[in-house]
Structure formats: structure tokens, C-alpha cells
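Written out below as C-alpha cells is the structure these notes cover.
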Amino acid sequence: MRSQNTDANIKDVNWRYLLALLPYLAEHRRRIAFALGCLVLAKIASVGTPFILKHLVDGLDQSELANTFVVLPLGLLAAYGLARFSVALFGELRDTIFGRITERAMRRIGLKVFEHMHALDLKFHLERRTGGVSRDMERGTNGISFLMRFMVFNIVPTLIEISFIVVILLARYSAWYAVVILAAVVSYVAFSIFATERRTRYVRKMNQAESQSSSRAVDSLLNYETVKYFTNEQYEAQHYDKELASWEQARRQNRLSMFFLNGGQAFIIAASMCASMTLAATDMMAGNMTLGDFVLINAFMMQVFLPLNFLGFVYREMKGSMANIEKMFQLLDVQSAIVEPPDAKALEVTAGEIRFEQVGFNYHPDRVILKDVSFCVRPNSKVAIVGSSGAGKSTIFKLLFRFYDVNNGRISIDGQDISTVSLASLRRAIGVVPQDTVLFNTSILENIRYGRIDASDDDVTEAIRLAHLESFIEQLPDGVHTTVGERGLKLSGGEKQRVAIARTLLKRPPIMVFDEATSSLDSRSEQSILQAIKEISQQQTSIVIAHRLSTVIDADTILVLDKGEIVEQGSHRDLLKQQGKYALLWEMQQKDTY
């Protein structure tokens with residue numbers, strides 16, 4: 001699936017994201033100051049090195065060198081070596097000191113993005129592409145490393161060093177040397193900006209193609225069994241190859257743009273070096289400078305053009321890095337549709353009464369899911385919600401959990417509107433056994449303990465007993481330490497569901513929601529779990545969403561949902577007497593049973 005190539009894909013990099021890095025630098029002012037001190041010392045040693053080299057060459061060139069051979073050149077050689085070592089030493093100290101700042105920033109920003117992703121609403125996560133998002137996060141944190149280091153310690157220092165050299169050349173030699181350097185710098189910077197701006201669009205295309213191919217691969221591998229069921233391996237390979245072909249083309253365009261950029265930069269540097277050395281050779285032949293001056297000019301030109309060349313690399317890579325981190329920062333710009341008010345208080349569950357008052361909801365304006373739904377779940381009671389597929393049963397649970405907000409009406413727990421309380425306290429109060437159980441790729445023990453991280457082993461054992469997992473776990477070679485595989489694929493559907501039930505039982509919240517909790521269980525296991533649910537329901541408020549009516553006949557109240565409306569409610573016996581929608585569903589399911 002290829003994304004559209006819109007103007008947004010080739011727009012200029014948004015440099016405002018650099019401002020987002022400033023708080024992470026401000027946390028380490030002392031380290032930055034010390035690193036800047038090392039930078040200044042390194043630049044002083046760097047600018048002083050050509051002068052030592054000049055005096056050394058002039059000393060060696062003098063005819064009366066015989067009397068001073070031991071003293072003068074050896075002292076200058078030692079000074080030259082010390083200066084060169086100082087440049088390297090202070091540079092390494094600078095990078096080492098600033099490295100910790102960079103690594104801490106990468107960690108902090110990576111964590112912030114991760115937490116933000118978990119804070120986004122369910123709608124975002126239903127629409128995202130996991131592989132692409134993970135690649136955007138990875139490239140973004142790596143791009144931050146480059147930006148943090150080179151933005152602070154390379155671009156500005158390089159320009160300062162060039163300015164120093166231009167001033168020295170103006171003061172000691174002909175103005176033409178300064179003219180050559182300034183012309184080279186202006187030409188080099190202008191060309192680099194022009195070529196890099198054109199190249200950025202190819203970097204974006206390459207990243208986009210890479211994210212798409214990664215997303216395709218992840219989607220296909222996550223659905224490995226589905227691919228096998230329909231023998232669509234070749235179909236998946238063709239689609240993946242199509243994404244790789246887009247990536248290949250984007251890489252080719254990127255490489256050609258790099259050739260144009262590097263070739264142009266090399267030509268400007270070579271022409272400028274040739275012009276400056278021609279001037280120096282002419283002045284030397286005319287007797288206007290010594291051989292040492294010639295060497296000094298050459299050394300200064302190397303010090304100008306090597307960092308200048310590096311400056312082009314830094315700018316080019318900064319643009320690429322900005323294109324890389326742009327997607328990651330755009331993730332931070334995404335706002336969740338589900339927000340809690342600034343003065344939100346923690347939900348206080350005293351009895352566990354749940355009220356839906358004229359609740360209306362739709363995912364899209366042209367498709368109404370719930371219409372004026374009103375009901376009350378009394379404390380410590382068990383309410384079942386039944387109905388045909390698409391009636392809106394699971395939507396009720398999602399609204400209670402605030403995966404979505406109601407379009408109209410009100411939902412309250414013990415008289416507290418759930419839209420006014422903190423999300424964390426609301427979700428801590430509700431335990432959910434979902435219809436589609438997904439487990440982490442860890443052990444059974446850790447998956448169950450996930451329901452309450454600080455639970456004791458005895459608590460976990462009790463949850464395993466209530467979920468009737470004991471006999472299954474005893475058959476495993478590694479027992480509770482058996483790894484379940486990615487998304488729990490090593491377990492059967494029923495086994496996964498019982499692990500999910502144990503995990504929720506361990507949480508022991510005041511409100512329990514069972515969303516088709518026994519749909520993957522055999523009859524014997526189903527009866528065991530239903531008995532456990534019955535025992536729990538006596539002490540907690542429970543909502544059971546079910547398709548099989550036989551699993552909820554003991555509910556205190558059964559709500560019959562049809563096309564988003566509650567058409568009937570009452571006990572199992574009362575609803576059968578009404579001879580309405582529930583009685584019809586019961587009769588149909590009884591026929592299917594026999």
C-alpha cells in the first residue's frame with residue numbers, strides 16, 4: 001500500500017522541532033559550559049598550529065641553521081606536536097562530555113514518545129501501522145543524536161574558525177586571500193543549501209518507502225496463520241516486493257542527488273585551493289613571503305576547506321536527520337480525542353453502581369451505534385448484555401472504559417460522571433476479559449502477574465486456580481514459566497482466554513466486564529469459568545457481554561440490544577415469558593444446540 005505523494009511529502013523541513021530539543025540541553029548547563037571550554041581551547045590550538053609550522057619551516061630554511069639546529073627546530077617540533085595533540089585531546093574531551101547529554105536526550109525523548117503513544121486514544125491505534133510507527137521512532141531517536149552533537153559543536157565553531165583565519169590573512173597578507181576564502185565559503189554554502197533542499201525530498205521518499213515496506217512485513221508476519229490458511233505466501237511476497245521496489249527507486253534517486261551534491265562541493269573546494277595556492281606561489285616568487293608563509297597559507301586553506309567540507313556534510317545530514325525526526329515529533333503533535341479535565345479527581349468506587357443515561361454514540365455521523373441507551377447496574381449485581389452481532393454490545397464496554405466518549409448522554413459510576421474523573425483511576429476500577437485475547441511474549445506467570453504487578457506468588461496461584469488453569473499448567477515442561485510466544489500464539493484460543501481471565505481475576509477491581517469471555521472454551525471449561533464468574537459476581541459489580549444466552553441465564557438483569565437500542569430487559573425467566581426478541585434468540589440457539 002503506497003501512500004500518496006503529496007506536497008506535504010516534499011515540503012521544507014520544519015526547523016521549529018529544534019526548539020523542542022532546548023529543554024533537554026538546558027538540564028545540563030554545566031556540562032555544556034565545560035564542553036564549550038574544551039571547544040575554545042581546541043580552536044586556539046588549531047589556529048596556532050600553522051604559525052608554529054611557519055616558524056619551523058623558516059628556521060629550517062635559514063642558511064645559518066648550523067648553530068641553532070639542536071635548539072630551535074626541536075623546540076618548534078615539540079610545540080607543533082603538543083598543539084596537534086591538544087586539538088585531538090580537547091576534541092575528544094568535548095565529545096565525551098557532550099555524549100552523555102546526547103544519550104540522555106535520546107532516552108528522554110524516546111520515553112516521551114512511547115508514553116505519548118500509550119496516551120493516544122483507541123481510534124489512533126486502530127488506524128496506525130505498527131511497523132511504520134516503530135521505524136519512525138527508531139530513526140527519530142537516531143536523528144536526535146546527530147542533531148544534538150553537530151548542531152552545537154560543529155556548525156557555529158566552524159564558522160568562528162573561518163572568521164579568525166580570514167581576519168589573520170587580512171592583517172598579515174594580501175586581501176585577495178580573504179576574497180578567495182569568502183567567495184569559496186559563500187559559493188559552497190549557497191550550493192550546499194540549494195542541493196540539500198532538493199535532496200531532502202528524496203530522503204523523505206526513501207524514509208516513507210522504508211516505513212511502508214516495514215509495515216507490510218510486520219502486518220504479514222503478525223498474520224502468519226491467516227496467510228497460511230489461504231496459501232497467499234506468493235501474494236504477500238509480491239506486495240512486499242512492490243514496497244521494496246519503491247524503496248529501491250527512492251534510494252537510487254537519493255544516491256544520484258548525493259553524487260550531484262558531493263561533486264559540486266568538491267569542485268568549489270578544489271578551485272578555491274588552486275586559486276589560493278597560485279596567489280601564494282606568485283607572492284613567494286616575487287619575494288613578498290617566505291617559504292614558511294607559503295606553508296602557513298597552505299595550512300590555513302586546509303583548515304578552512306576541510307571544516308567547510310565537513311560543514312556541508314553536517315548541514316546535509318542535519319537536513320536528513322530533521323526529515324527523520326519530523327515524523328517522530330509529529331507523533332507528539334497528535335492529540336488524543338479522549339482527555340481528562342485539568343481538575344480531574346480520582347474515581348471513588350464505594351458501591352459500584354453504573355448508570356447509562358440516554359447515551360448516544362456513533363463512530364461516523366452516518367452510522368449510529370447506540371440510541372438513547374439507559375440502564376442501571378446495581379452494586380454487586382450481574383447484568384448481561386445480549387443481542388445479535390453489530391447490535392452495539394462491545395461498544396457499551398468501550399464507552400464505560402472511555403476508549404471513546406459519548407456523543408450525548410451521561411455515564412456515571414456511583415454518581416460520578418466518568419468524563420470528569422482521571423482516566424487512570426477509572427481504568428483501575430474496571431477489570432476486562434476481552435473477546436480477543438492478546439498476550440505478551442513472556443511466560444504464563446508474567447502474563448498473569450501483569451494484572452497486578454506487585455501481586456504475590458500466592459495471589460497468582462489463587463488466580464490460576466479460579467481460572468481453572470492448574471491442570472493445563474501441570475502438563476507443561478516449564479510450568480508457569482512456559483513462554484507463550486508472540487501474541488500468545490503457542491497457546492490455543494481457550495488457553496489464552498483462561499490466562500486472560502486469571503490476569504483479570506488477579507486485578508480484582510470493583511467492576512468486572514466479561515466481553516464474550518467464554519467464547520473460545522469447550523463446554524466443560526466454560527462451565528468451570530462460569531462458576532468462577534458467578535462467585536466473583538457476588539462480591540463485585542459485573543457486566544457480561546455474551547452471544548450465547550446459555551452463559552448468562554443466572555444474570556440478575558439481561559439487557560437485549562437490537563440496532564443500538566435496548567428493546568427488552570429483565571431476568572431470563574421474565575424475558576422468556578414476554579415472547580419477544582430474547583425468546584426468539586433463545587429458541588434459535590436451543591435449536592442449534594440439538
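Lettering and numbering for the C-alpha cells are positional, with chains as A, B, ... in the shown order, residues counted from 1 in each chain, and ligands counted from 1 in the shown order.
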Give me the segment 168-211 of chain A side of the contact with segment 231-251 of chain A, cut-off 7 Å, one line per residue showing its nearest atom pair and distance in Å at one decimal, counting only C-alpha atoms, sorted by chain and residue number, as JSON lines.
```
{"residue": "A:Tyr202", "atom": "CA", "partner": "A:Ala250", "partner_atom": "CA", "distance": 6.3}
{"residue": "A:Lys205", "atom": "CA", "partner": "A:Ala250", "partner_atom": "CA", "distance": 5.9}
{"residue": "A:Met206", "atom": "CA", "partner": "A:Ala250", "partner_atom": "CA", "distance": 4.8}
{"residue": "A:Ala209", "atom": "CA", "partner": "A:Trp247", "partner_atom": "CA", "distance": 4.7}
{"residue": "A:Glu210", "atom": "CA", "partner": "A:Trp247", "partner_atom": "CA", "distance": 5.9}
```
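Each of A:Leu426, A:Val438, A:Leu36, A:Ile160 was checked against Ala346 of chain A using only C-alpha atoms; the smallest atom-to-atom distance is that of A:Leu426.
Atom CA of Ala384 of chain A sits 6.3 Å away from atom CA of Val552 of chain A.
Minimum atom-to-atom distance to Thr158 of chain A, evaluated using only C-alpha atoms, belongs to A:Val304 out of A:Ala183, A:Val373, A:Val304, A:Ala517.
Residues in contact range of Ile32 of chain A, defined as at most 9 Å between only C-alpha atoms, with sequence neighbours fewer than 6 positions away removed, read Leu25, Ala26, Arg94, Ile97, Phe98 and Ile101 of chain A.
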Go ahead and save the residues from that selection, with C-alpha atoms, as a PDB file, in the first residue's frame.
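Wrote result_31.pdb, looks like this:
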```
ATOM      1  CA  LEU A  25      20.114  20.834  26.704  1.00  0.00           C
ATOM      2  CA  ALA A  26      19.167  23.246  29.480  1.00  0.00           C
ATOM      3  CA  ARG A  94      34.326  17.716  24.292  1.00  0.00           C
ATOM      4  CA  ILE A  97      31.367  15.150  27.931  1.00  0.00           C
ATOM      5  CA  PHE A  98      28.609  16.004  25.497  1.00  0.00           C
ATOM      6  CA  ILE A 101      23.874  14.808  27.211  1.00  0.00           C
TER       7      ILE A 101
END
```
